[in-house]
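File shown: start-v1.txt (compact mmCIF, C-alpha atoms).
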# COMPACT_ATOMS: atom_id res chain seq x y z
CA MET N 1 -20.15 14.32 28.85
CA THR N 2 -17.46 12.62 26.84
CA VAL N 3 -17.82 8.93 26.50
CA LEU N 4 -14.65 7.41 27.88
CA ASN N 5 -15.31 3.84 26.95
CA LYS N 6 -15.88 3.38 23.26
CA ARG N 7 -15.43 -0.37 23.08
CA ILE N 8 -18.01 -1.81 20.70
CA ALA N 9 -18.71 -5.14 19.05
CA VAL N 10 -18.15 -5.26 15.29
CA GLU N 11 -21.83 -6.11 14.66
CA ASP N 12 -23.02 -3.16 16.78
CA ALA N 13 -20.76 -0.75 14.95
CA ILE N 14 -22.36 -1.60 11.60
CA ALA N 15 -25.92 -2.09 12.92
CA ASP N 16 -27.27 1.16 11.39
CA LEU N 17 -25.37 0.88 8.09
CA LYS N 18 -27.91 1.02 5.27
CA ASP N 19 -28.07 0.51 1.52
CA GLU N 20 -26.83 3.52 -0.47
CA ALA N 21 -24.52 4.65 2.34
CA THR N 22 -21.24 6.43 1.60
CA VAL N 23 -18.42 4.61 3.33
CA MET N 24 -14.69 5.13 3.60
CA PHE N 25 -12.37 2.17 4.10
CA GLY N 26 -8.73 2.52 5.02
CA GLY N 27 -6.14 0.36 3.33
CA PHE N 28 -3.67 0.24 0.47
CA GLY N 29 -3.90 -2.99 -1.50
CA GLY N 30 -5.69 -4.39 1.54
CA VAL N 31 -2.83 -3.54 3.92
CA GLY N 32 -4.53 -1.57 6.67
CA SER N 33 -8.07 -2.43 5.58
CA PRO N 34 -10.35 -3.57 8.44
CA PRO N 35 -11.04 -7.27 7.80
CA SER N 36 -13.64 -7.85 10.51
CA PHE N 37 -15.77 -4.84 9.51
CA ILE N 38 -15.57 -5.84 5.86
CA SER N 39 -16.69 -9.41 6.64
CA ALA N 40 -19.53 -8.19 8.84
CA ILE N 41 -20.72 -5.71 6.22
CA LEU N 42 -20.67 -8.47 3.59
CA LYS N 43 -22.69 -10.72 5.89
CA LYS N 44 -25.18 -7.94 6.67
CA GLY N 45 -26.02 -7.74 2.98
CA VAL N 46 -26.08 -3.95 2.48
CA LYS N 47 -25.81 -2.92 -1.15
CA ASN N 48 -25.55 0.03 -3.52
CA LEU N 49 -22.75 1.46 -1.41
CA THR N 50 -20.61 4.39 -2.43
CA VAL N 51 -17.10 3.49 -1.32
CA ILE N 52 -14.10 5.75 -0.92
CA CYS N 53 -10.85 3.83 -0.69
CA ASN N 54 -7.32 4.20 -2.02
CA ASP N 55 -7.87 1.28 -4.40
CA ALA N 56 -10.19 -1.63 -5.17
CA GLY N 57 -8.06 -4.14 -3.26
CA PHE N 58 -7.55 -7.58 -4.75
CA PRO N 59 -10.56 -9.84 -5.46
CA ALA N 60 -10.20 -11.63 -2.11
CA ILE N 61 -8.25 -8.96 -0.21
CA GLY N 62 -9.25 -5.66 1.40
CA ILE N 63 -12.46 -4.17 0.03
CA GLY N 64 -12.18 -6.46 -3.00
CA PRO N 65 -14.89 -8.88 -1.78
CA LEU N 66 -17.41 -6.03 -1.42
CA ILE N 67 -16.90 -5.29 -5.12
CA VAL N 68 -16.81 -8.93 -6.20
CA ASN N 69 -20.13 -9.48 -4.38
CA ASN N 70 -21.78 -6.54 -6.18
CA ARG N 71 -22.26 -4.37 -3.08
CA VAL N 72 -20.58 -1.28 -4.46
CA ARG N 73 -22.14 0.89 -7.19
CA ARG N 74 -19.82 3.86 -6.96
CA LEU N 75 -16.13 3.90 -6.11
CA ILE N 76 -13.86 6.87 -5.55
CA ALA N 77 -10.27 5.61 -5.70
CA SER N 78 -6.86 6.17 -7.24
CA HIS N 79 -6.34 2.69 -8.61
CA ILE N 80 -8.36 -0.44 -9.46
CA GLY N 81 -5.74 -2.38 -11.44
CA SER N 82 -5.22 -5.05 -8.76
CA ASN N 83 -8.89 -6.07 -8.84
CA PRO N 84 -9.90 -7.15 -12.37
CA VAL N 85 -13.52 -7.56 -11.25
CA ALA N 86 -13.70 -3.82 -10.58
CA GLY N 87 -12.43 -3.13 -14.09
CA LYS N 88 -15.00 -5.48 -15.59
CA GLN N 89 -17.85 -3.95 -13.57
CA MET N 90 -16.72 -0.52 -14.69
CA THR N 91 -16.72 -1.57 -18.36
CA ASP N 92 -20.12 -3.22 -17.91
CA GLY N 93 -21.53 -0.06 -16.37
CA PHE N 94 -22.34 -1.66 -13.00
CA LEU N 95 -19.68 0.22 -11.07
CA ALA N 96 -19.14 3.95 -11.52
CA VAL N 97 -15.51 4.80 -10.79
CA GLU N 98 -14.20 8.26 -10.07
CA PHE N 99 -10.41 8.30 -10.24
CA SER N 100 -8.49 10.77 -8.16
CA PRO N 101 -4.68 10.97 -8.14
CA GLN N 102 -3.56 9.30 -4.93
CA GLY N 103 -2.14 12.36 -3.20
CA THR N 104 -5.13 14.43 -4.27
CA LEU N 105 -7.46 11.75 -2.92
CA ALA N 106 -5.63 11.81 0.41
CA GLU N 107 -5.83 15.60 0.64
CA ARG N 108 -9.51 15.65 -0.35
CA ILE N 109 -10.21 13.25 2.50
CA ARG N 110 -8.05 15.25 4.89
CA ALA N 111 -9.90 18.40 3.83
CA GLY N 112 -13.22 16.69 4.47
CA GLY N 113 -12.01 15.73 7.91
CA THR N 114 -10.66 19.10 8.88
CA GLY N 115 -13.50 21.43 7.96
CA LEU N 116 -12.16 22.61 4.60
CA GLY N 117 -14.19 22.89 1.41
CA GLY N 118 -11.48 21.48 -0.81
CA ILE N 119 -7.92 21.91 -1.96
CA LEU N 120 -6.03 23.60 -4.80
CA THR N 121 -3.50 21.47 -6.65
CA ASP N 122 -1.80 21.39 -10.04
CA ILE N 123 -1.65 17.59 -10.06
CA GLY N 124 -3.42 16.25 -13.14
CA ILE N 125 -4.02 19.71 -14.60
CA ASP N 126 -2.73 18.45 -17.99
CA ASN N 127 -4.95 15.40 -17.88
CA ASP N 128 -8.35 15.72 -19.52
CA MET N 129 -10.00 13.12 -17.30
CA VAL N 130 -8.72 14.63 -14.08
CA ARG N 131 -9.50 18.25 -14.97
CA GLN N 132 -12.92 17.49 -16.46
CA GLY N 133 -15.69 19.45 -14.75
CA LYS N 134 -13.33 21.12 -12.28
CA LYS N 135 -12.88 24.79 -11.73
CA ILE N 136 -9.43 26.22 -12.55
CA VAL N 137 -8.27 28.75 -9.97
CA SER N 138 -5.47 31.24 -10.59
CA LEU N 139 -3.46 32.15 -7.53
CA ASN N 140 -0.19 34.07 -7.47
CA GLY N 141 0.15 33.63 -11.21
CA ARG N 142 -0.23 29.86 -11.17
CA GLU N 143 -3.13 27.66 -12.13
CA TYR N 144 -4.64 25.02 -9.90
CA LEU N 145 -7.52 22.60 -10.02
CA ALA N 146 -10.13 23.10 -7.32
CA GLU N 147 -10.65 19.64 -5.87
CA GLU N 148 -13.66 19.09 -3.62
CA ALA N 149 -13.33 17.78 -0.10
CA LEU N 150 -14.57 14.25 0.52
CA SER N 151 -16.52 13.10 3.52
CA ALA N 152 -18.67 10.09 4.28
CA GLU N 153 -21.34 8.79 6.60
CA TYR N 154 -19.05 6.07 7.83
CA ALA N 155 -15.33 5.41 8.01
CA PHE N 156 -14.08 1.96 8.88
CA ILE N 157 -10.43 2.08 9.71
CA TYR N 158 -7.72 -0.26 10.95
CA GLY N 159 -5.21 0.47 13.68
CA LYS N 160 -2.74 -1.34 15.88
CA THR N 161 -3.77 -0.19 19.33
CA ALA N 162 -6.58 1.99 20.63
CA ASP N 163 -7.41 3.11 24.12
CA GLU N 164 -10.96 3.30 25.43
CA PHE N 165 -11.34 6.94 24.35
CA GLY N 166 -10.53 5.94 20.76
CA ASN N 167 -7.00 7.33 20.58
CA ILE N 168 -5.26 5.27 17.93
CA ILE N 169 -1.77 4.29 16.89
CA TYR N 170 -1.09 2.48 13.65
CA ASP N 171 1.20 -0.29 12.43
CA LYS N 172 3.89 0.56 9.86
CA THR N 173 2.50 0.85 6.31
CA ALA N 174 -0.98 -0.14 7.52
CA ARG N 175 -1.42 3.54 8.41
CA ASN N 176 -1.91 4.92 4.84
CA MET N 177 -5.36 6.56 4.48
CA ASN N 178 -6.62 5.47 7.92
CA PRO N 179 -5.83 8.60 9.99
CA LEU N 180 -7.27 10.83 7.25
CA MET N 181 -10.49 8.85 6.94
CA ALA N 182 -10.81 8.70 10.73
CA MET N 183 -11.46 12.45 10.63
CA ALA N 184 -13.62 12.57 7.51
CA ALA N 185 -16.76 10.63 8.43
CA ASP N 186 -19.84 11.33 10.54
CA ARG N 187 -19.29 8.02 12.26
CA THR N 188 -15.83 6.47 12.50
CA PHE N 189 -15.24 2.99 13.80
CA ALA N 190 -11.77 1.58 14.28
CA GLU N 191 -10.80 -2.07 14.21
CA VAL N 192 -7.62 -2.64 16.18
CA GLU N 193 -5.42 -5.46 17.37
CA ARG N 194 -5.65 -4.40 20.99
CA ILE N 195 -7.75 -2.05 23.13
CA VAL N 196 -6.02 -0.75 26.23
CA PRO N 197 -7.29 1.20 29.26
CA LEU N 198 -6.93 4.98 29.37
CA GLY N 199 -3.41 6.08 30.19
CA GLU N 200 -1.66 3.16 28.56
CA LEU N 201 -0.91 4.84 25.24
CA ASP N 202 1.96 7.28 25.16
CA GLU N 203 0.29 10.64 24.46
CA GLU N 204 3.18 11.67 22.21
CA GLU N 205 2.61 8.67 19.99
CA VAL N 206 -1.13 9.01 19.43
CA VAL N 207 -1.77 9.57 15.71
CA THR N 208 -5.57 9.82 15.72
CA PRO N 209 -7.06 11.58 18.75
CA GLY N 210 -10.14 9.81 20.08
CA VAL N 211 -12.37 12.83 19.45
CA PHE N 212 -12.73 11.62 15.86
CA VAL N 213 -13.65 8.06 16.77
CA GLU N 214 -17.08 6.78 17.81
CA GLY N 215 -16.19 3.18 18.56
CA VAL N 216 -13.30 0.74 18.74
CA ALA N 217 -13.62 -2.98 18.11
CA GLU N 218 -11.07 -5.73 18.48
CA THR N 219 -10.09 -7.36 15.19
CA GLU N 220 -10.50 -11.04 14.48
CA GLY N 221 -7.48 -10.71 12.20
CA VAL N 222 -7.00 -10.89 8.48
CA ASN N 223 -9.20 -13.58 6.94
CA TRP N 224 -7.67 -13.48 3.48
CA LYS N 225 -4.45 -14.87 1.99
CA TRP N 226 -1.99 -12.19 0.87
CA VAL N 227 -0.70 -12.29 -2.72
CA TRP N 228 2.79 -13.00 -1.45
CA GLU N 229 1.68 -16.05 0.54
CA SER N 230 2.11 -19.17 -1.57
CA MET E 1 6.45 -5.82 -23.43
CA GLY E 2 7.77 -9.32 -23.40
CA LEU E 3 11.27 -8.48 -22.21
CA GLY E 4 13.33 -11.40 -20.96
CA VAL E 5 14.98 -11.58 -17.56
CA ILE E 6 18.39 -10.61 -18.95
CA GLU E 7 17.03 -7.54 -20.74
CA ARG E 8 15.04 -6.45 -17.69
CA GLU E 9 18.12 -6.79 -15.49
CA ARG E 10 20.28 -4.93 -17.98
CA ILE E 11 17.83 -2.02 -17.95
CA ALA E 12 17.68 -2.04 -14.13
CA LYS E 13 21.47 -2.15 -13.92
CA ARG E 14 21.81 0.87 -16.19
CA ALA E 15 19.13 2.76 -14.25
CA ALA E 16 20.99 2.04 -11.02
CA ARG E 17 23.93 4.09 -12.32
CA GLU E 18 21.71 7.19 -12.17
CA ILE E 19 21.34 6.83 -8.40
CA LYS E 20 23.92 8.51 -6.20
CA SER E 21 24.50 8.41 -2.47
CA GLY E 22 22.24 10.70 -0.49
CA MET E 23 19.36 10.62 -2.96
CA ILE E 24 15.69 10.14 -2.09
CA VAL E 25 14.35 7.66 -4.61
CA ASN E 26 10.90 6.35 -5.51
CA LEU E 27 10.66 3.18 -7.57
CA GLY E 28 7.65 1.96 -9.51
CA ILE E 29 6.44 -1.58 -9.93
CA GLY E 30 8.18 -4.05 -12.29
CA ILE E 31 11.66 -3.30 -13.66
CA PRO E 32 12.13 -0.29 -11.31
CA SER E 33 11.81 -2.59 -8.32
CA LEU E 34 14.92 -4.50 -9.53
CA VAL E 35 17.10 -1.38 -9.43
CA PRO E 36 18.25 -1.67 -5.77
CA ASN E 37 19.84 -5.04 -6.60
CA PHE E 38 22.31 -3.24 -8.86
CA LEU E 39 23.36 -0.28 -6.73
CA ASP E 40 27.09 -0.06 -6.12
CA PRO E 41 28.02 -1.24 -2.65
CA GLY E 42 28.30 1.81 -0.46
CA THR E 43 25.58 3.73 -2.28
CA SER E 44 23.46 4.99 0.56
CA VAL E 45 19.98 6.15 -0.43
CA MET E 46 16.54 6.39 1.15
CA ILE E 47 13.89 4.68 -0.95
CA GLN E 48 10.43 6.14 -0.58
CA SER E 49 7.28 4.12 -1.02
CA GLU E 50 4.15 6.18 -1.54
CA ASN E 51 2.06 3.96 0.71
CA GLY E 52 3.80 5.59 3.64
CA LEU E 53 7.41 4.62 4.13
CA LEU E 54 10.77 6.31 3.67
CA GLY E 55 13.64 3.86 3.95
CA ILE E 56 12.79 0.57 2.25
CA GLY E 57 15.31 -2.18 2.88
CA GLU E 58 15.80 -5.62 1.39
CA SER E 59 13.05 -8.16 0.90
CA PRO E 60 12.45 -10.20 4.05
CA GLU E 61 13.41 -13.85 4.23
CA LYS E 62 10.59 -16.24 3.58
CA GLY E 63 8.62 -16.76 6.77
CA ARG E 64 9.73 -13.41 8.20
CA GLU E 65 7.28 -11.23 6.28
CA ASP E 66 5.23 -8.64 8.16
CA GLU E 67 1.79 -8.23 6.59
CA ASN E 68 1.68 -4.60 7.68
CA LEU E 69 5.03 -3.72 6.15
CA CYS E 70 4.68 -3.72 2.37
CA ASN E 71 5.68 -1.67 -0.65
CA ALA E 72 3.22 0.05 -2.96
CA ALA E 73 2.73 -3.19 -4.90
CA GLY E 74 1.66 -4.99 -1.73
CA TRP E 75 4.84 -7.05 -1.34
CA PRO E 76 6.60 -7.40 2.00
CA VAL E 77 9.70 -5.31 2.57
CA THR E 78 12.00 -4.49 5.46
CA VAL E 79 13.23 -1.08 6.56
CA VAL E 80 16.70 0.40 6.83
CA LYS E 81 17.99 2.23 9.90
CA GLY E 82 16.54 5.74 9.96
CA ALA E 83 13.33 4.79 8.18
CA SER E 84 9.99 6.42 8.99
CA TYR E 85 6.29 5.71 8.52
CA PHE E 86 3.60 8.27 7.67
CA ASP E 87 0.10 8.58 6.27
CA SER E 88 -0.81 9.02 2.59
CA ALA E 89 -1.33 12.79 2.81
CA LEU E 90 2.13 13.31 4.23
CA SER E 91 3.60 10.85 1.73
CA PHE E 92 2.27 12.85 -1.19
CA GLY E 93 3.10 16.10 0.53
CA MET E 94 6.69 14.91 0.42
CA ILE E 95 6.34 14.09 -3.26
CA ARG E 96 4.56 17.30 -4.32
CA LYS E 97 7.03 19.44 -2.40
CA GLY E 98 9.81 18.02 -4.56
CA ALA E 99 11.61 15.93 -1.95
CA ILE E 100 12.02 13.01 -4.35
CA ASP E 101 15.30 13.32 -6.26
CA VAL E 102 14.64 10.51 -8.72
CA THR E 103 11.64 8.45 -9.64
CA ILE E 104 12.01 5.45 -11.91
CA LEU E 105 8.82 4.21 -13.51
CA GLY E 106 7.46 2.21 -16.39
CA SER E 107 5.51 3.68 -19.29
CA LEU E 108 3.34 2.91 -22.29
CA GLN E 109 4.58 5.87 -24.33
CA VAL E 110 7.00 8.77 -23.97
CA SER E 111 6.98 11.69 -26.38
CA GLN E 112 9.91 13.71 -27.74
CA SER E 113 8.84 16.59 -25.53
CA GLY E 114 8.93 14.38 -22.43
CA ASP E 115 5.22 13.73 -22.12
CA LEU E 116 4.46 10.59 -20.15
CA ALA E 117 1.51 8.29 -20.90
CA ASN E 118 1.53 5.39 -18.48
CA TRP E 119 -1.85 5.07 -16.86
CA ILE E 120 -4.61 4.19 -19.27
CA VAL E 121 -5.38 2.40 -22.53
CA PRO E 122 -8.84 3.69 -23.44
CA GLY E 123 -11.36 0.89 -23.86
CA LYS E 124 -8.83 -1.74 -22.79
CA LYS E 125 -7.05 -1.13 -19.57
CA VAL E 126 -8.17 1.43 -17.02
CA PRO E 127 -6.19 0.70 -13.86
CA GLY E 128 -6.20 4.25 -12.53
CA MET E 129 -3.27 6.59 -12.03
CA GLY E 130 -2.44 5.67 -8.44
CA GLY E 131 0.37 7.98 -7.42
CA ALA E 132 2.00 8.23 -10.86
CA MET E 133 0.82 11.77 -11.65
CA GLU E 134 2.33 13.26 -8.52
CA LEU E 135 5.61 11.43 -9.02
CA ALA E 136 5.83 12.33 -12.71
CA GLN E 137 5.00 15.99 -12.15
CA LYS E 138 7.04 16.63 -9.04
CA ALA E 139 10.10 14.35 -8.80
CA LYS E 140 13.27 16.27 -9.64
CA LYS E 141 14.28 13.65 -12.20
CA VAL E 142 11.96 11.21 -13.97
CA ILE E 143 13.54 8.13 -15.51
CA VAL E 144 11.37 5.81 -17.58
CA VAL E 145 12.40 2.19 -17.97
CA MET E 146 10.46 0.28 -20.60
CA SER E 147 10.68 -1.89 -23.68
CA HIS E 148 11.62 0.04 -26.80
CA THR E 149 8.51 -1.10 -28.67
CA ASP E 150 5.07 -2.39 -27.76
CA LYS E 151 3.94 -5.96 -28.23
CA ASN E 152 3.05 -5.22 -31.85
CA GLY E 153 6.51 -3.83 -32.51
CA ALA E 154 5.31 -0.21 -32.65
CA PRO E 155 7.56 2.50 -31.15
CA LYS E 156 6.87 3.59 -27.59
CA LEU E 157 9.14 6.60 -28.01
CA VAL E 158 6.94 8.79 -30.16
CA ALA E 159 6.61 12.30 -31.59
CA ASP E 160 3.31 12.76 -29.77
CA CYS E 161 1.63 10.40 -27.32
CA THR E 162 -1.59 8.91 -28.65
CA LEU E 163 -2.57 7.61 -25.19
CA PRO E 164 -3.94 9.93 -22.50
CA LEU E 165 -1.14 11.74 -20.71
CA THR E 166 -0.12 11.15 -17.15
CA ALA E 167 1.86 14.39 -17.16
CA LYS E 168 3.35 16.75 -19.74
CA GLY E 169 7.04 17.38 -20.33
CA CYS E 170 8.21 15.50 -17.23
CA VAL E 171 10.48 12.71 -18.52
CA ASP E 172 14.23 13.33 -18.38
CA MET E 173 15.59 9.97 -19.47
CA VAL E 174 14.37 6.73 -21.04
CA ILE E 175 16.22 3.45 -20.65
CA THR E 176 15.16 0.57 -22.89
CA GLU E 177 16.68 -2.78 -23.80
CA LYS E 178 18.21 -1.04 -26.81
CA ALA E 179 19.27 2.43 -25.75
CA VAL E 180 19.59 5.24 -23.25
CA ILE E 181 17.83 8.33 -24.49
CA THR E 182 17.55 11.70 -22.81
CA ILE E 183 15.08 14.41 -23.69
CA ASP E 184 15.76 18.11 -24.14
CA SER E 185 14.09 21.00 -25.95
CA GLY E 186 15.21 19.54 -29.29
CA GLY E 187 13.60 16.13 -28.75
CA PHE E 188 15.16 12.73 -28.07
CA VAL E 189 18.91 12.51 -27.65
CA LEU E 190 20.45 9.09 -28.19
CA LYS E 191 23.18 8.84 -25.56
CA GLU E 192 24.03 5.15 -25.38
CA LEU E 193 23.35 1.93 -27.23
CA MET E 194 22.96 -1.30 -25.30
CA ASN E 195 24.48 -3.09 -28.33
CA GLU E 196 26.59 -1.09 -30.79
CA GLU E 197 25.09 -2.86 -33.80
CA ASP E 198 21.63 -1.64 -32.80
CA LEU E 199 21.96 1.92 -34.11
CA ASP E 200 19.85 1.41 -37.23
CA ASP E 201 17.29 -0.54 -35.23
CA VAL E 202 17.00 2.17 -32.60
CA LEU E 203 16.57 4.92 -35.19
CA ARG E 204 13.98 2.87 -37.09
CA LEU E 205 12.03 2.03 -33.94
CA THR E 206 12.05 5.52 -32.45
CA ASP E 207 9.40 7.85 -33.76
CA GLY E 208 10.07 11.58 -33.51
CA LYS E 209 13.19 13.71 -33.65
CA VAL E 210 16.36 11.93 -32.54
CA ARG E 211 19.73 13.61 -32.17
CA ILE E 212 22.69 11.27 -31.89
CA GLU E 213 25.23 12.03 -29.17
CA LEU E 214 26.89 8.69 -28.73
CA PRO E 215 30.22 8.58 -26.92
CA LEU E 216 33.20 8.07 -29.18
CA SER E 217 34.29 4.51 -28.73

Using the file provided, produce a representation of the structure as structure tokens.
Amino acid sequence: MTVLNKRIAVEDAIADLKDEATVMFGGFGGVGSPPSFISAILKKGVKNLTVICNDAGFPAIGIGPLIVNNRVRRLIASHIGSNPVAGKQMTDGFLAVEFSPQGTLAERIRAGGTGLGGILTDIGIDNDMVRQGKKIVSLNGREYLAEEALSAEYAFIYGKTADEFGNIIYDKTARNMNPLMAMAADRTFAEVERIVPLGELDEEEVVTPGVFVEGVAETEGVNWKWVWES
Amino acid sequence: MGLGVIERERIAKRAAREIKSGMIVNLGIGIPSLVPNFLDPGTSVMIQSENGLLGIGESPEKGREDENLCNAAGWPVTVVKGASYFDSALSFGMIRKGAIDVTILGSLQVSQSGDLANWIVPGKKVPGMGGAMELAQKAKKVIVVMSHTDKNGAPKLVADCTLPLTAKGCVDMVITEKAVITIDSGGFVLKELMNEEDLDDVLRLTDGKVRIELPLS
């Protein structure tokens, strides 16, 4: 029987998260990253995580604190420039970073979430670092890189409103990678501003159907200062 | 590197002349983000931001920022009428399909065959490519705005890029504090000088083949 009430406390959602886990976090420069899950994971003390995220956040914003506190050993992302600590850890050999062009990263995650083995794309085909180790596939006279799908044990995402089945709508540019990651993990937990009873969300507006979501927790709000706040 | 406010604004102002009503435009961080300030009144465009927004408006007034409404650099924006939000896969679907008419971005080097190197300095700076590869490869027109030389005075317009490429043969136009240069199969084409007396300087500080097609003044 389908569980129709997926409300969960933040601490319960992360209770089984272990060292070495592979975890996706939504967010783009911290916008749309789940602050309460990130704080709770920091407090729990898990380490040696493999993290998949658009970027490394800023040192105090988004997933940045997980990196600054040495919890992440491998990062799959499109950009780390806004978090100098990530760059330093990469140079020092503490953090292994796999760069994926942003759109390719998004599609790899979407593929992982929709039962596909990977995608074919010509993005980065002229770039030695991007094409390294990847199979080149010819199709209809054109060459593409075969890019593997990405999935994870956990996805921690951020939304605006969820209902008790886990249907989710997002807030403006805080959507970014969240709906893709929601599909791509064994266990997806959403942190949202508000949880409403079944029937209160407009079915036409649901972005992530609840079938992909194991639990929804109410956010305690952003606990960092944005770069634009003086 | 090290451009002053006046030079940065002059570059942005010149780049703004490349944008026509009806275009879908993506702007990078830095000088490109100044371009909307210089659009002619009445120029109606939709500005795309790869973090999931088509239809960026002006910056919000202080105190009216929305933390969930930001551009790709993480700074608060507003939206214009007719704007839309979408996820990252759709955003890059839009870009790869070729829906972006013009992208304006910064660069470390541009070669005479239009190669773009703007994402990595090996051993020094490894920020990651973000969405630059998709934009460079797939936007209908790629305009680079940058300083003419690097901080050591070495040319950034070069015969061949020495830095790892973002994408090959993608750059259509380069606007610097000294010149406007287009690129065709014959190499760089010097189209405009920011200051007429700079001709010798521009030729000396541009590495690679340069054809001069300055307007008769």

- Between E:Arg64, E:Lys141, E:Lys125, E:Lys97, single out the one closest to Glu18 (chain E), counting all atoms listed in the file.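 Nearest candidate to Glu18 (chain E) out of E:Arg64, E:Lys141, E:Lys125, E:Lys97: E:Lys141.
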
- Spatial neighbours of Leu214 (chain E), max dist 9 Å, only C-alpha atoms, sep filter under 3 positions, as a ChimeraX atom specification: /E:189-193,217

- Out of E:Lys20, E:Lys81, E:Arg211, E:Lys156, which residue has the shortest atom-to-atom distance to Thr43 (chain E) when counting only C-alpha atoms?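 Nearest candidate to Thr43 (chain E) out of E:Lys20, E:Lys81, E:Arg211, E:Lys156: E:Lys20.
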
- Check: which chain N residues lie within 9 Å of chain E using only C-alpha atoms, as a PyMOL selection string: chain N and resi 28-32+54-55+77-84+87+91+99-107+109-110+122-129+171-180+226-228

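Coordinates place CA of Gly113 (chain N) at a distance of 20.1 Å from CA of Leu49 (chain N).
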
Output region 156-170 of chain N with N, CA and C atoms present, as a PDB file, keeping the file's coordinate frame.
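Saved result, part_14.pdb, follows:
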ATOM      1  N   PHE N 156     -14.526   3.164   8.180  1.00  0.00           N
ATOM      2  CA  PHE N 156     -14.080   1.960   8.880  1.00  0.00           C
ATOM      3  C   PHE N 156     -12.572   1.861   8.697  1.00  0.00           C
ATOM      4  N   ILE N 157     -11.882   1.984   9.806  1.00  0.00           N
ATOM      5  CA  ILE N 157     -10.430   2.080   9.710  1.00  0.00           C
ATOM      6  C   ILE N 157      -9.779   0.950  10.513  1.00  0.00           C
ATOM      7  N   TYR N 158      -8.465   0.813  10.305  1.00  0.00           N
ATOM      8  CA  TYR N 158      -7.720  -0.260  10.950  1.00  0.00           C
ATOM      9  C   TYR N 158      -6.517   0.345  11.666  1.00  0.00           C
ATOM     10  N   GLY N 159      -6.353  -0.025  12.910  1.00  0.00           N
ATOM     11  CA  GLY N 159      -5.210   0.470  13.680  1.00  0.00           C
ATOM     12  C   GLY N 159      -4.553  -0.658  14.444  1.00  0.00           C
ATOM     13  N   LYS N 160      -3.455  -0.324  15.097  1.00  0.00           N
ATOM     14  CA  LYS N 160      -2.740  -1.340  15.880  1.00  0.00           C
ATOM     15  C   LYS N 160      -3.309  -1.394  17.305  1.00  0.00           C
ATOM     16  N   THR N 161      -3.302  -0.234  17.953  1.00  0.00           N
ATOM     17  CA  THR N 161      -3.770  -0.190  19.330  1.00  0.00           C
ATOM     18  C   THR N 161      -4.654   1.038  19.521  1.00  0.00           C
ATOM     19  N   ALA N 162      -5.735   0.864  20.260  1.00  0.00           N
ATOM     20  CA  ALA N 162      -6.580   1.990  20.630  1.00  0.00           C
ATOM     21  C   ALA N 162      -6.750   1.968  22.141  1.00  0.00           C
ATOM     22  N   ASP N 163      -6.966   3.134  22.731  1.00  0.00           N
ATOM     23  CA  ASP N 163      -7.410   3.110  24.120  1.00  0.00           C
ATOM     24  C   ASP N 163      -8.932   3.295  24.137  1.00  0.00           C
ATOM     25  N   GLU N 164      -9.491   3.313  25.328  1.00  0.00           N
ATOM     26  CA  GLU N 164     -10.960   3.300  25.430  1.00  0.00           C
ATOM     27  C   GLU N 164     -11.599   4.617  25.006  1.00  0.00           C
ATOM     28  N   PHE N 165     -10.808   5.669  24.874  1.00  0.00           N
ATOM     29  CA  PHE N 165     -11.340   6.940  24.350  1.00  0.00           C
ATOM     30  C   PHE N 165     -11.312   6.945  22.818  1.00  0.00           C
ATOM     31  N   GLY N 166     -10.613   5.980  22.219  1.00  0.00           N
ATOM     32  CA  GLY N 166     -10.530   5.940  20.760  1.00  0.00           C
ATOM     33  C   GLY N 166      -9.273   6.575  20.198  1.00  0.00           C
ATOM     34  N   ASN N 167      -8.327   6.917  21.072  1.00  0.00           N
ATOM     35  CA  ASN N 167      -7.000   7.330  20.580  1.00  0.00           C
ATOM     36  C   ASN N 167      -6.383   6.135  19.868  1.00  0.00           C
ATOM     37  N   ILE N 168      -5.748   6.395  18.730  1.00  0.00           N
ATOM     38  CA  ILE N 168      -5.260   5.270  17.930  1.00  0.00           C
ATOM     39  C   ILE N 168      -3.811   5.454  17.507  1.00  0.00           C
ATOM     40  N   ILE N 169      -3.069   4.343  17.568  1.00  0.00           N
ATOM     41  CA  ILE N 169      -1.770   4.290  16.890  1.00  0.00           C
ATOM     42  C   ILE N 169      -1.847   3.209  15.815  1.00  0.00           C
ATOM     43  N   TYR N 170      -1.009   3.346  14.822  1.00  0.00           N
ATOM     44  CA  TYR N 170      -1.090   2.480  13.650  1.00  0.00           C
ATOM     45  C   TYR N 170       0.128   1.571  13.565  1.00  0.00           C
TER      46      TYR N 170
END
